[in-house]
$ cat query-v3.cif   # mmCIF, N, CA and C atoms
data_input
#
loop_
_atom_site.label_atom_id
_atom_site.label_comp_id
_atom_site.auth_asym_id
_atom_site.auth_seq_id
_atom_site.Cartn_x
_atom_site.Cartn_y
_atom_site.Cartn_z
N MET R 669 46.44 53.23 43.70
CA MET R 669 46.08 53.47 45.09
C MET R 669 45.60 52.19 45.76
N THR R 670 44.75 51.41 45.09
CA THR R 670 44.20 50.21 45.71
C THR R 670 45.27 49.14 45.90
N ALA R 671 46.21 49.03 44.94
CA ALA R 671 47.28 48.04 45.07
C ALA R 671 48.18 48.39 46.25
N ALA R 672 48.48 49.66 46.41
CA ALA R 672 49.31 50.09 47.55
C ALA R 672 48.59 49.85 48.87
N LEU R 673 47.29 50.09 48.89
CA LEU R 673 46.50 49.86 50.10
C LEU R 673 46.45 48.37 50.44
N GLU R 674 46.33 47.53 49.42
CA GLU R 674 46.33 46.08 49.65
C GLU R 674 47.69 45.61 50.18
N ILE R 675 48.77 46.15 49.65
CA ILE R 675 50.11 45.77 50.10
C ILE R 675 50.32 46.21 51.54
N VAL R 676 49.91 47.42 51.89
CA VAL R 676 50.03 47.89 53.27
C VAL R 676 49.19 47.03 54.21
N GLY R 677 47.99 46.69 53.80
CA GLY R 677 47.14 45.83 54.61
C GLY R 677 47.74 44.45 54.81
N PHE R 678 48.33 43.89 53.75
CA PHE R 678 48.97 42.59 53.85
C PHE R 678 50.18 42.65 54.78
N LEU R 679 50.97 43.69 54.68
CA LEU R 679 52.14 43.83 55.57
C LEU R 679 51.72 44.00 57.01
N LEU R 680 50.65 44.77 57.26
CA LEU R 680 50.15 44.91 58.63
C LEU R 680 49.63 43.57 59.16
N CYS R 681 49.03 42.78 58.29
CA CYS R 681 48.57 41.45 58.67
C CYS R 681 49.75 40.57 59.06
N LEU R 682 50.82 40.60 58.30
CA LEU R 682 52.01 39.80 58.63
C LEU R 682 52.64 40.24 59.94
N VAL R 683 52.68 41.55 60.18
CA VAL R 683 53.21 42.05 61.45
C VAL R 683 52.33 41.58 62.61
N GLY R 684 51.02 41.61 62.43
CA GLY R 684 50.11 41.14 63.46
C GLY R 684 50.31 39.68 63.78
N TRP R 685 50.45 38.84 62.76
CA TRP R 685 50.68 37.42 62.98
C TRP R 685 52.03 37.18 63.66
N ALA R 686 53.04 37.98 63.32
CA ALA R 686 54.34 37.84 63.97
C ALA R 686 54.24 38.19 65.46
N ILE R 687 53.49 39.22 65.79
CA ILE R 687 53.32 39.60 67.19
C ILE R 687 52.55 38.52 67.95
N ILE R 688 51.50 37.98 67.34
CA ILE R 688 50.74 36.90 67.98
C ILE R 688 51.63 35.68 68.18
N GLY R 689 52.41 35.34 67.19
CA GLY R 689 53.31 34.19 67.30
C GLY R 689 54.38 34.37 68.35
N ALA R 690 54.76 35.61 68.62
CA ALA R 690 55.78 35.87 69.64
C ALA R 690 55.20 35.90 71.05
N THR R 691 53.93 36.28 71.19
CA THR R 691 53.36 36.42 72.54
C THR R 691 52.64 35.18 73.04
N LEU R 692 52.06 34.37 72.18
CA LEU R 692 51.29 33.22 72.66
C LEU R 692 52.13 32.18 73.40
N PRO R 693 53.34 31.85 72.97
CA PRO R 693 54.11 30.85 73.72
C PRO R 693 54.65 31.36 75.06
N ASN R 694 54.58 32.64 75.30
CA ASN R 694 55.14 33.22 76.52
C ASN R 694 54.25 32.88 77.72
N ASN R 695 54.84 32.32 78.78
CA ASN R 695 54.09 31.96 79.99
C ASN R 695 53.89 33.13 80.93
N TYR R 696 54.61 34.19 80.76
CA TYR R 696 54.63 35.27 81.75
C TYR R 696 53.90 36.51 81.27
N TRP R 697 52.60 36.40 80.97
CA TRP R 697 51.82 37.56 80.57
C TRP R 697 51.53 38.44 81.76
N LYS R 698 51.18 37.84 82.87
CA LYS R 698 50.87 38.58 84.09
C LYS R 698 51.66 37.94 85.22
N VAL R 699 52.53 38.72 85.87
CA VAL R 699 53.40 38.20 86.93
C VAL R 699 53.15 38.98 88.19
N SER R 700 52.90 38.26 89.29
CA SER R 700 52.74 38.87 90.60
C SER R 700 53.68 38.18 91.57
N THR R 701 54.38 38.95 92.37
CA THR R 701 55.31 38.39 93.34
C THR R 701 54.89 38.79 94.73
N VAL R 702 54.85 37.81 95.62
CA VAL R 702 54.52 38.05 97.02
C VAL R 702 55.80 37.84 97.81
N HIS R 703 56.34 38.93 98.37
CA HIS R 703 57.57 38.84 99.15
C HIS R 703 57.21 38.84 100.63
N GLY R 704 57.58 37.78 101.29
CA GLY R 704 57.44 37.71 102.74
C GLY R 704 58.80 37.42 103.29
N SER R 705 58.87 36.43 104.11
CA SER R 705 60.18 35.98 104.55
C SER R 705 60.80 35.15 103.43
N VAL R 706 62.00 34.69 103.62
CA VAL R 706 62.68 33.92 102.58
C VAL R 706 61.92 32.62 102.30
N ILE R 707 61.29 32.07 103.27
CA ILE R 707 60.61 30.79 103.11
C ILE R 707 59.28 30.95 102.35
N THR R 708 58.58 32.03 102.54
CA THR R 708 57.24 32.15 101.97
C THR R 708 57.16 32.99 100.71
N THR R 709 58.27 33.30 100.09
CA THR R 709 58.25 34.08 98.86
C THR R 709 57.66 33.24 97.73
N SER R 710 56.68 33.80 97.02
CA SER R 710 56.08 33.07 95.91
C SER R 710 55.86 33.99 94.72
N THR R 711 55.83 33.39 93.55
CA THR R 711 55.59 34.13 92.31
C THR R 711 54.40 33.50 91.61
N LEU R 712 53.45 34.32 91.21
CA LEU R 712 52.28 33.87 90.47
C LEU R 712 52.38 34.40 89.04
N PHE R 713 52.23 33.52 88.07
CA PHE R 713 52.25 33.97 86.68
C PHE R 713 51.19 33.23 85.90
N GLU R 714 50.63 33.91 84.90
CA GLU R 714 49.58 33.30 84.08
C GLU R 714 49.62 33.82 82.67
N ASN R 715 49.05 33.01 81.77
CA ASN R 715 48.88 33.42 80.39
C ASN R 715 47.49 33.01 79.95
N LEU R 716 47.28 32.82 78.67
CA LEU R 716 45.95 32.56 78.14
C LEU R 716 45.42 31.18 78.52
N TRP R 717 46.31 30.20 78.72
CA TRP R 717 45.87 28.84 78.92
C TRP R 717 46.08 28.29 80.32
N ARG R 718 46.89 28.93 81.16
CA ARG R 718 47.13 28.37 82.48
C ARG R 718 47.58 29.44 83.47
N SER R 719 47.46 29.07 84.74
CA SER R 719 47.88 29.92 85.84
C SER R 719 48.82 29.09 86.71
N CYS R 720 49.97 29.64 87.06
CA CYS R 720 50.98 28.90 87.82
C CYS R 720 51.43 29.69 89.04
N ALA R 721 51.83 28.95 90.06
CA ALA R 721 52.41 29.54 91.27
C ALA R 721 53.72 28.82 91.55
N GLU R 722 54.74 29.58 91.88
CA GLU R 722 56.07 29.01 92.15
C GLU R 722 56.58 29.59 93.45
N ASP R 723 57.10 28.73 94.33
CA ASP R 723 57.63 29.24 95.59
C ASP R 723 59.14 29.41 95.50
N SER R 724 59.76 29.83 96.60
CA SER R 724 61.19 30.17 96.58
C SER R 724 62.08 28.95 96.40
N THR R 725 61.56 27.74 96.62
CA THR R 725 62.36 26.53 96.41
C THR R 725 62.35 26.06 94.97
N GLY R 726 61.53 26.68 94.13
CA GLY R 726 61.46 26.32 92.71
C GLY R 726 60.34 25.37 92.38
N VAL R 727 59.55 24.98 93.36
CA VAL R 727 58.42 24.08 93.12
C VAL R 727 57.27 24.90 92.54
N SER R 728 56.73 24.44 91.42
CA SER R 728 55.63 25.18 90.79
C SER R 728 54.40 24.29 90.68
N ASN R 729 53.26 24.92 90.71
CA ASN R 729 51.97 24.25 90.59
C ASN R 729 51.16 25.01 89.56
N CYS R 730 50.73 24.31 88.51
CA CYS R 730 50.00 24.96 87.42
C CYS R 730 48.60 24.41 87.29
N ARG R 731 47.67 25.28 86.90
CA ARG R 731 46.29 24.91 86.66
C ARG R 731 45.94 25.32 85.24
N GLU R 732 45.52 24.34 84.44
CA GLU R 732 45.15 24.60 83.05
C GLU R 732 43.73 25.15 82.99
N PHE R 733 43.51 26.15 82.13
CA PHE R 733 42.17 26.67 81.90
C PHE R 733 41.48 25.82 80.84
N ASP R 734 40.16 25.70 80.94
CA ASP R 734 39.40 25.00 79.91
C ASP R 734 39.35 25.83 78.64
N SER R 735 39.39 25.17 77.51
CA SER R 735 39.32 25.85 76.22
C SER R 735 37.92 25.72 75.65
N MET R 736 37.32 26.83 75.26
CA MET R 736 35.99 26.80 74.66
C MET R 736 36.03 26.16 73.28
N LEU R 737 37.13 26.31 72.55
CA LEU R 737 37.22 25.72 71.22
C LEU R 737 37.19 24.21 71.28
N PHE R 738 37.79 23.64 72.32
CA PHE R 738 37.79 22.18 72.47
C PHE R 738 36.38 21.66 72.68
N HIS R 739 35.57 22.37 73.45
CA HIS R 739 34.19 21.94 73.69
C HIS R 739 33.36 22.00 72.41
N VAL R 740 33.56 23.02 71.60
CA VAL R 740 32.85 23.13 70.32
C VAL R 740 33.27 21.99 69.40
N TYR R 741 34.56 21.66 69.42
CA TYR R 741 35.07 20.57 68.60
C TYR R 741 34.43 19.24 69.01
N LEU R 742 34.30 19.00 70.32
CA LEU R 742 33.67 17.78 70.80
C LEU R 742 32.20 17.72 70.40
N GLU R 743 31.50 18.85 70.45
CA GLU R 743 30.10 18.87 70.04
C GLU R 743 29.95 18.57 68.55
N LEU R 744 30.87 19.10 67.75
CA LEU R 744 30.81 18.82 66.32
C LEU R 744 31.06 17.34 66.04
N LEU R 745 32.00 16.74 66.77
CA LEU R 745 32.29 15.33 66.56
C LEU R 745 31.15 14.43 67.01
N SER R 746 30.49 14.79 68.08
CA SER R 746 29.44 13.93 68.60
C SER R 746 28.13 14.06 67.82
N GLY R 747 28.00 15.06 67.00
CA GLY R 747 26.80 15.23 66.19
C GLY R 747 25.68 15.96 66.92
N ASP R 748 25.95 16.48 68.11
CA ASP R 748 24.93 17.20 68.87
C ASP R 748 24.78 18.65 68.42
N PHE R 749 25.70 19.13 67.63
CA PHE R 749 25.67 20.51 67.19
C PHE R 749 24.62 20.67 66.11
N SER R 750 23.67 21.56 66.32
CA SER R 750 22.63 21.78 65.30
C SER R 750 22.76 23.18 64.73
N TYR R 751 22.54 23.28 63.45
CA TYR R 751 22.64 24.56 62.76
C TYR R 751 21.23 25.08 62.51
N ASN R 752 20.90 26.23 63.05
CA ASN R 752 19.59 26.84 62.85
C ASN R 752 19.72 28.09 62.00
N ARG R 753 18.85 28.22 61.02
CA ARG R 753 18.91 29.39 60.16
C ARG R 753 18.05 30.47 60.68
#
$ encode --input "query-v3.cif" --output "C-alpha cells"
Amino acid sequence: MTAALEIVGFLLCLVGWAIIGATLPNNYWKVSTVHGSVITTSTLFENLWRSCAEDSTGVSNCREFDSMLFHVYLELLSGDFSYNR
C-alpha cells in the first residue's frame, strides 16, 4: 500500500511540474481587449513577471514586475540578512 501511494504521489508531482513548466513561459495569463475605433484598439496582457499593452499597430509597451526573490538574494549576498532563532 505504501509503495503504491508513493508512486501515485511521485506521478502527481511530475504532472504538477509539467503543468508549471507549460504555464510559466506563457505571456497571456490575463488578456483584456479594449475595442474602440480602429485607431484606438488596444490589448492588455499580463503574467507573473510583467504587464504589457499592445495597440492596433503592433507597438507594445511592457512593464516588468519586481521579484521578491531577487531582493532576498541581494540581502544574502550583502551580508545584511540576519538569522534569528
$ atom_distance --input "query-v3.cif" --atom1 "atom C of Leu716 (chain R)" --atom2 "atom N of Thr691 (chain R)"
12.3 Å
$ resolve_selection --input "query-v3.cif" --expression "the PyMOL selection byres (((chain R and resi 726 and name CA) around 12) and name CA)" --output "number ranges by chain"
R: 707-711, 720-725, 727-729
$ atom_distance --input "query-v3.cif" --atom1 "CA of Asp734 (chain R)" --atom2 "CA of Asn715 (chain R)"
12.7 Å
$ atom_distance --input "query-v3.cif" --atom1 "atom C of Trp697 (chain R)" --atom2 "CA of Phe713 (chain R)"
6.7 Å
$ select_by_dssp --input "query-v3.cif" --residues "region 681-730 of chain R" --states "helix (DSSP H, G or I)" --output "JSON, numbers by chain"
{"R": [681, 682, 683, 684, 685, 686, 687, 688, 689, 690, 691]}
$ write_last_selection --input "query-v3.cif" --atoms "N, CA and C atoms" --output "compact mmCIF listing (two decimals), keeping the file's coordinate frame"
# COMPACT_ATOMS: atom_id res chain seq x y z
N CYS R 681 49.03 42.78 58.29
CA CYS R 681 48.57 41.45 58.67
C CYS R 681 49.75 40.57 59.06
N LEU R 682 50.82 40.60 58.30
CA LEU R 682 52.01 39.80 58.63
C LEU R 682 52.64 40.24 59.94
N VAL R 683 52.68 41.55 60.18
CA VAL R 683 53.21 42.05 61.45
C VAL R 683 52.33 41.58 62.61
N GLY R 684 51.02 41.61 62.43
CA GLY R 684 50.11 41.14 63.46
C GLY R 684 50.31 39.68 63.78
N TRP R 685 50.45 38.84 62.76
CA TRP R 685 50.68 37.42 62.98
C TRP R 685 52.03 37.18 63.66
N ALA R 686 53.04 37.98 63.32
CA ALA R 686 54.34 37.84 63.97
C ALA R 686 54.24 38.19 65.46
N ILE R 687 53.49 39.22 65.79
CA ILE R 687 53.32 39.60 67.19
C ILE R 687 52.55 38.52 67.95
N ILE R 688 51.50 37.98 67.34
CA ILE R 688 50.74 36.90 67.98
C ILE R 688 51.63 35.68 68.18
N GLY R 689 52.41 35.34 67.19
CA GLY R 689 53.31 34.19 67.30
C GLY R 689 54.38 34.37 68.35
N ALA R 690 54.76 35.61 68.62
CA ALA R 690 55.78 35.87 69.64
C ALA R 690 55.20 35.90 71.05
N THR R 691 53.93 36.28 71.19
CA THR R 691 53.36 36.42 72.54
C THR R 691 52.64 35.18 73.04
$ select_by_dssp --input "query-v3.cif" --residues "region 671-722 of chain R" --states "strand (DSSP E)" --output "MDAnalysis selection string"
chainID R and resid 698:702 710:714 718:722
